[in-house]
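Asks: A single structure is presented below for examination.
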Amino acid sequence: MANLEKLGVVGAGNMGSGIAQKAAQEGINVVLVDIKDEFVRRGLDNIRATLNDGVKRKIFGPEQVKQTLSRISGTTDMAALKDCDLIIEAVFEDEKVKRELFTQLDKLCDSKTVLATNTSSFAVTKLGGHIGRKSDFAGLHFFYHPAKNRLVEVIPGEDTSRETTDYLMLASKLMGKTAILVKDAPGFAVNRFFVPWLNEAVRLLEEGAANIPTIDAAAKEAFRIDMGPFELMNLTGVPIAYHSTVSLGGQLSSFYGPAARLTEQFKSGQQWDLTGEVDRNRFKVVRERLYGVAFGLAAQIVQDGIASMEDTDRGAKIGLRWALGPFELMNHVGIDRSCSMVEAVAGKYEDFNVPDILRSQRESGHAWEFSFVDLHVKDGVATITLNRPEALNALNEIVMAQLEKRFNEAESNPEVKAIVFQGAGKAFAAGADIRFLAKNIENKTLDKTAEFARRGHELLKHIERSPKLTIARMEGITLGGGLETALAADLRIASTRATMGFPETGIGIYPGLGGTQRTPRLIGAELARYLIFTGNIIAAEEAAGMGLVDAAVAPSEVDAAVAEAVNAGKPRKKHGTPRPDERFRALIEIFSDKNVEALISGGEVNVEDPQAKDILPKIRKRISSKAPIALKLASRIINEGLKADLNKGLQMELDHLAEIFSTEDAYEGLMSLGRGRPEYKGK
């Protein structure tokens, strides 16, 4: 059940076609089925239009579009679904139609096929409770637009097996999604607080608390979002908001039911009128009411075991694009004030309660604490997951401390023979948290950066020296500190979708968690300079050719490759003689010792290899955009570090961190993210 080579999607509407498109983009073959040829054609046309729009926006190239479309076949023949690994139902919200469809699929499909529903309204357990393979049935709730929105809720029913749940978490990852695990309950997790949040905005309007433009503006400011509740309802459709409240109200209580003004708007068939003046004097009442609803319901979701605190926040940040999740917002506002806002809402509605966990948190006097690193032990293998996908698993003080704790737990467990590191979502780890580094420069607290680096070095040395086999499972973006973490492991097994590199010199600094030392010992000084000086991001197959990773395998083969490595045991030597492929001959010549100074200073570089001559101008252009001080320091640390043993080389790298973070270039680079290319002065 580990593979997802063929996906079936039933229903070629906006959701179904979007799911099919995203899966095909990730290299999965898809069969898109609907009851009429015209529906299938329309779905395929929607996919083409979305992909072509991506080409115009330079997200895709024409060849990527061609390959994606080649993986999708549209048909009205249900028999085409017979041998699918997974089938996702995305038909309209009619319980009878869905149940009949699953009866048909259960009889038609191979025993290996897992069935999933994309319902947003019905109980998963009820939809699949009548079929024979109820243990291989669950919910996969995607968010609009499914080709663009990374979130999916994985919802096991009462009869869903653990194996099926694990498979759907993996399948979601293979489809390029970030999955959160949610209990089968009305509204699941995200809609259980988001739909009432929309509804409460309408109640504020009907009470006369504020007009639509004011409510939207106050919400955008309070939640740091791009669109307010009324703008969102106009975008996705007022009927969707109305039907969602009717569904939740019928299953839960009157608080969740539609506001009278929402019912009127739905019956009118009109969108909300967004015109009018914004009155900032009304922002406080809007902000506190919307906060109170979101905070109270989010806490209730966790108290009822519907989703974890971390997944609830991820749902808001990834699925709704909130800057902070409800629990992070409570920490920002203050737990005492947050609880008071929830109490105010509870005083207004008889069936809205203040969750006990929120009262207890206020009594504790502490902010909510989040777990970003998970540990799971099975069959002698400890899997440590960096689980901060909304930030691409970026490393900061909290994450590194939790990583250290989880690693110590795994290493001290006598039943564990191997420890595997992996990342949740689309990244292994995208390096150190830039906001953390930039904040320390701004606040003149470089001692925090130094302590973070020191503890990071100690942890990575601990991993490197562990008597147990350590494996970095790299299935996505692996940059900077994330790559340095992987380099400390005995083995690096990468999916062919993984990409990696050292972007630090482009933001005014150098790799500071062992990148200048472990990299040249693995692939040679020349290729280490190439990666660090240019900041180029390379694919897994290229990294394997260099010797940076031990294997680059298809996404569906990563599990088997890791299992094989575990069975083989710990390798005898971590750093042997670098033996990169012949294809890197030109790069090795360009970045040889004799050319290093000229590459950094802009002087004359002498090469003989014809390919080296061809690529040299492009490489020089790349290097010219990097921070000069960072390049010089990185070069010096690489050269001097290789003359010493690894420990002394790592100490050299650590000793120069205060120097590099004190430069104007470091400040310019770290503060430039999202603002355009930095301008370095070599100061």
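Please note that chains go A, B, ... in the order of the structure tokens, that every chain numbers its residues from 1, and that ligands are numbered from 1 in the order shown.
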Please provide the set of residues having any atom within 7 Å of stretch 191-198 of chain A, restricted to only C-alpha atoms, with same-chain residues fewer than 5 positions apart removed, written as a PyMOL selection string.
Replies: chain A and resi 229+241+244-245+256+290+293-294+297-298
Asks: Residues at most 8 Å from stretch 70-80 of chain A, counting only C-alpha atoms, excluding those fewer than 2 positions away in the same chain, as a PyMOL selection string?
Replies: chain A and resi 20-21+24+27-37+40-41+44+66-68+82-83+108
Asks: Can you write just those residues out, C-alpha atoms, as a CSV table (one decimal), in the first residue's frame?
Replies:
chain,number,residue,atom,x,y,z
A,20,ALA,CA,-6.3,15.7,-10.6
A,21,GLN,CA,-4.1,18.6,-11.8
A,24,ALA,CA,-0.3,15.0,-12.2
A,27,GLY,CA,4.3,13.0,-11.4
A,28,ILE,CA,1.3,10.7,-10.6
A,29,ASN,CA,-0.8,9.2,-13.3
A,30,VAL,CA,-4.5,10.2,-13.0
A,31,VAL,CA,-7.8,8.9,-14.3
A,32,LEU,CA,-10.5,11.6,-14.1
A,33,VAL,CA,-14.0,10.2,-14.4
A,34,ASP,CA,-17.4,11.8,-14.7
A,35,ILE,CA,-20.8,10.7,-15.9
A,36,LYS,CA,-20.9,12.7,-19.1
A,37,ASP,CA,-18.3,13.4,-21.8
A,40,VAL,CA,-15.0,15.4,-18.5
A,41,ARG,CA,-14.1,17.8,-21.3
A,44,LEU,CA,-9.8,18.9,-18.7
A,66,LYS,CA,2.8,19.1,-21.5
A,67,GLN,CA,4.1,16.4,-19.1
A,68,THR,CA,1.3,17.2,-16.6
A,82,LYS,CA,-10.3,-0.7,-11.4
A,83,ASP,CA,-6.5,-0.9,-10.8
A,108,LEU,CA,-15.3,-2.8,-9.1
Asks: Fewer than 4 positions away in the same chain doesn't count, so skip those; otherwise give me all residues within 10 Å of A:Met175, counting only C-alpha atoms, as a list in words.
Replies: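 The residues that qualify are Leu4, Leu7, Ile19, Ala20, Gln21, Lys22, Ala23, Ala24, Gln25, Glu26, Gly27, Ile28, Ala147, Arg150, Leu170, Ala171 and Lys426 of chain A.
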Asks: Export, as an mmCIF file, in the first residue's frame, the selected residues with C-alpha atoms.
Replies:
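Writing the result to result01.cif gives the following:
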data_model
loop_
_atom_site.group_PDB
_atom_site.id
_atom_site.type_symbol
_atom_site.label_atom_id
_atom_site.label_comp_id
_atom_site.auth_asym_id
_atom_site.auth_seq_id
_atom_site.Cartn_x
_atom_site.Cartn_y
_atom_site.Cartn_z
ATOM 1 C CA LEU A 4 0.648 5.965 -5.458
ATOM 2 C CA LEU A 7 -4.861 7.897 -8.813
ATOM 3 C CA ILE A 19 -7.078 17.472 -7.350
ATOM 4 C CA ALA A 20 -6.262 15.673 -10.604
ATOM 5 C CA GLN A 21 -4.083 18.556 -11.791
ATOM 6 C CA LYS A 22 -2.058 18.750 -8.584
ATOM 7 C CA ALA A 23 -1.431 15.004 -8.501
ATOM 8 C CA ALA A 24 -0.341 15.019 -12.155
ATOM 9 C CA GLN A 25 2.005 17.935 -11.481
ATOM 10 C CA GLU A 26 3.661 15.739 -8.858
ATOM 11 C CA GLY A 27 4.300 12.957 -11.373
ATOM 12 C CA ILE A 28 1.285 10.743 -10.589
ATOM 13 C CA ALA A 147 -4.150 22.695 -7.307
ATOM 14 C CA ARG A 150 -1.471 22.907 0.039
ATOM 15 C CA LEU A 170 1.936 9.490 2.735
ATOM 16 C CA ALA A 171 -0.265 9.785 -0.365
ATOM 17 C CA LYS A 426 7.100 19.923 1.054
#
Asks: Apply DSSP to the backbone of this structure and, from stretch 27-143 of chain A, keep only the residues in strand (DSSP E or B); write these as a ChimeraX atom specification.
Replies: /A:29-33,72-75,86-89,114-117,137-142
Asks: I need the residue nearest A:Gly425 from this list: A:Gly176, A:Pro213, A:Gly524, A:Pro578. Use only C-alpha atoms for the distance.
Replies: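 Result for the nearest residue to A:Gly425: A:Gly176.
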Asks: Which residues are near A:Pro355? Cut-off 8 Å, only C-alpha atoms, ignore same chain within fewer than 3 positions. Put them as a list in words.
Replies: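 Close residues of A:Pro355: Gly296, Ala299, Gln300, Gln303, Leu358 and Arg359 of chain A.
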Asks: Can I get the selection written as an mmCIF file, in the first residue's frame, with N, CA and C atoms?
Replies:
data_model
loop_
_atom_site.group_PDB
_atom_site.id
_atom_site.type_symbol
_atom_site.label_atom_id
_atom_site.label_comp_id
_atom_site.auth_asym_id
_atom_site.auth_seq_id
_atom_site.Cartn_x
_atom_site.Cartn_y
_atom_site.Cartn_z
ATOM 1 N N GLY A 296 -12.340 30.540 20.938
ATOM 2 C CA GLY A 296 -13.168 29.588 21.673
ATOM 3 C C GLY A 296 -13.372 28.289 20.917
ATOM 4 N N ALA A 299 -10.073 26.206 20.641
ATOM 5 C CA ALA A 299 -9.788 25.508 21.901
ATOM 6 C C ALA A 299 -10.727 24.325 22.096
ATOM 7 N N GLN A 300 -11.989 24.477 21.685
ATOM 8 C CA GLN A 300 -12.952 23.388 21.811
ATOM 9 C C GLN A 300 -12.579 22.220 20.896
ATOM 10 N N GLN A 303 -9.864 20.407 22.703
ATOM 11 C CA GLN A 303 -10.411 19.747 23.892
ATOM 12 C C GLN A 303 -11.205 18.494 23.511
ATOM 13 N N LEU A 358 -8.936 26.248 27.949
ATOM 14 C CA LEU A 358 -8.591 27.665 27.869
ATOM 15 C C LEU A 358 -8.578 28.284 29.264
ATOM 16 N N ARG A 359 -9.547 27.926 30.091
ATOM 17 C CA ARG A 359 -9.562 28.433 31.474
ATOM 18 C C ARG A 359 -8.309 27.948 32.219
#
Asks: For A:Pro571, which residue among A:Val114, A:Leu469, A:Leu51, A:Ile131 is the nearest when counting only C-alpha atoms?
Replies: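 For A:Pro571, the nearest of the candidates is A:Leu469.
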Asks: Neighbouring residues of A:Glu404 were defined as those with any atom within 12 Å, considering only C-alpha atoms; residues of the same chain fewer than 6 positions away were excluded. Please report them as a list in words.
Replies: Phe372, Val373, Asp374, Leu375, Ile384, Leu386, Leu395, Glu397, Ile398, Ala410, Glu411, Phe421, Arg455, Gly456, His457, Glu458, Leu459, Leu460, Lys461, His462, Ile463 and Thr485 of chain A
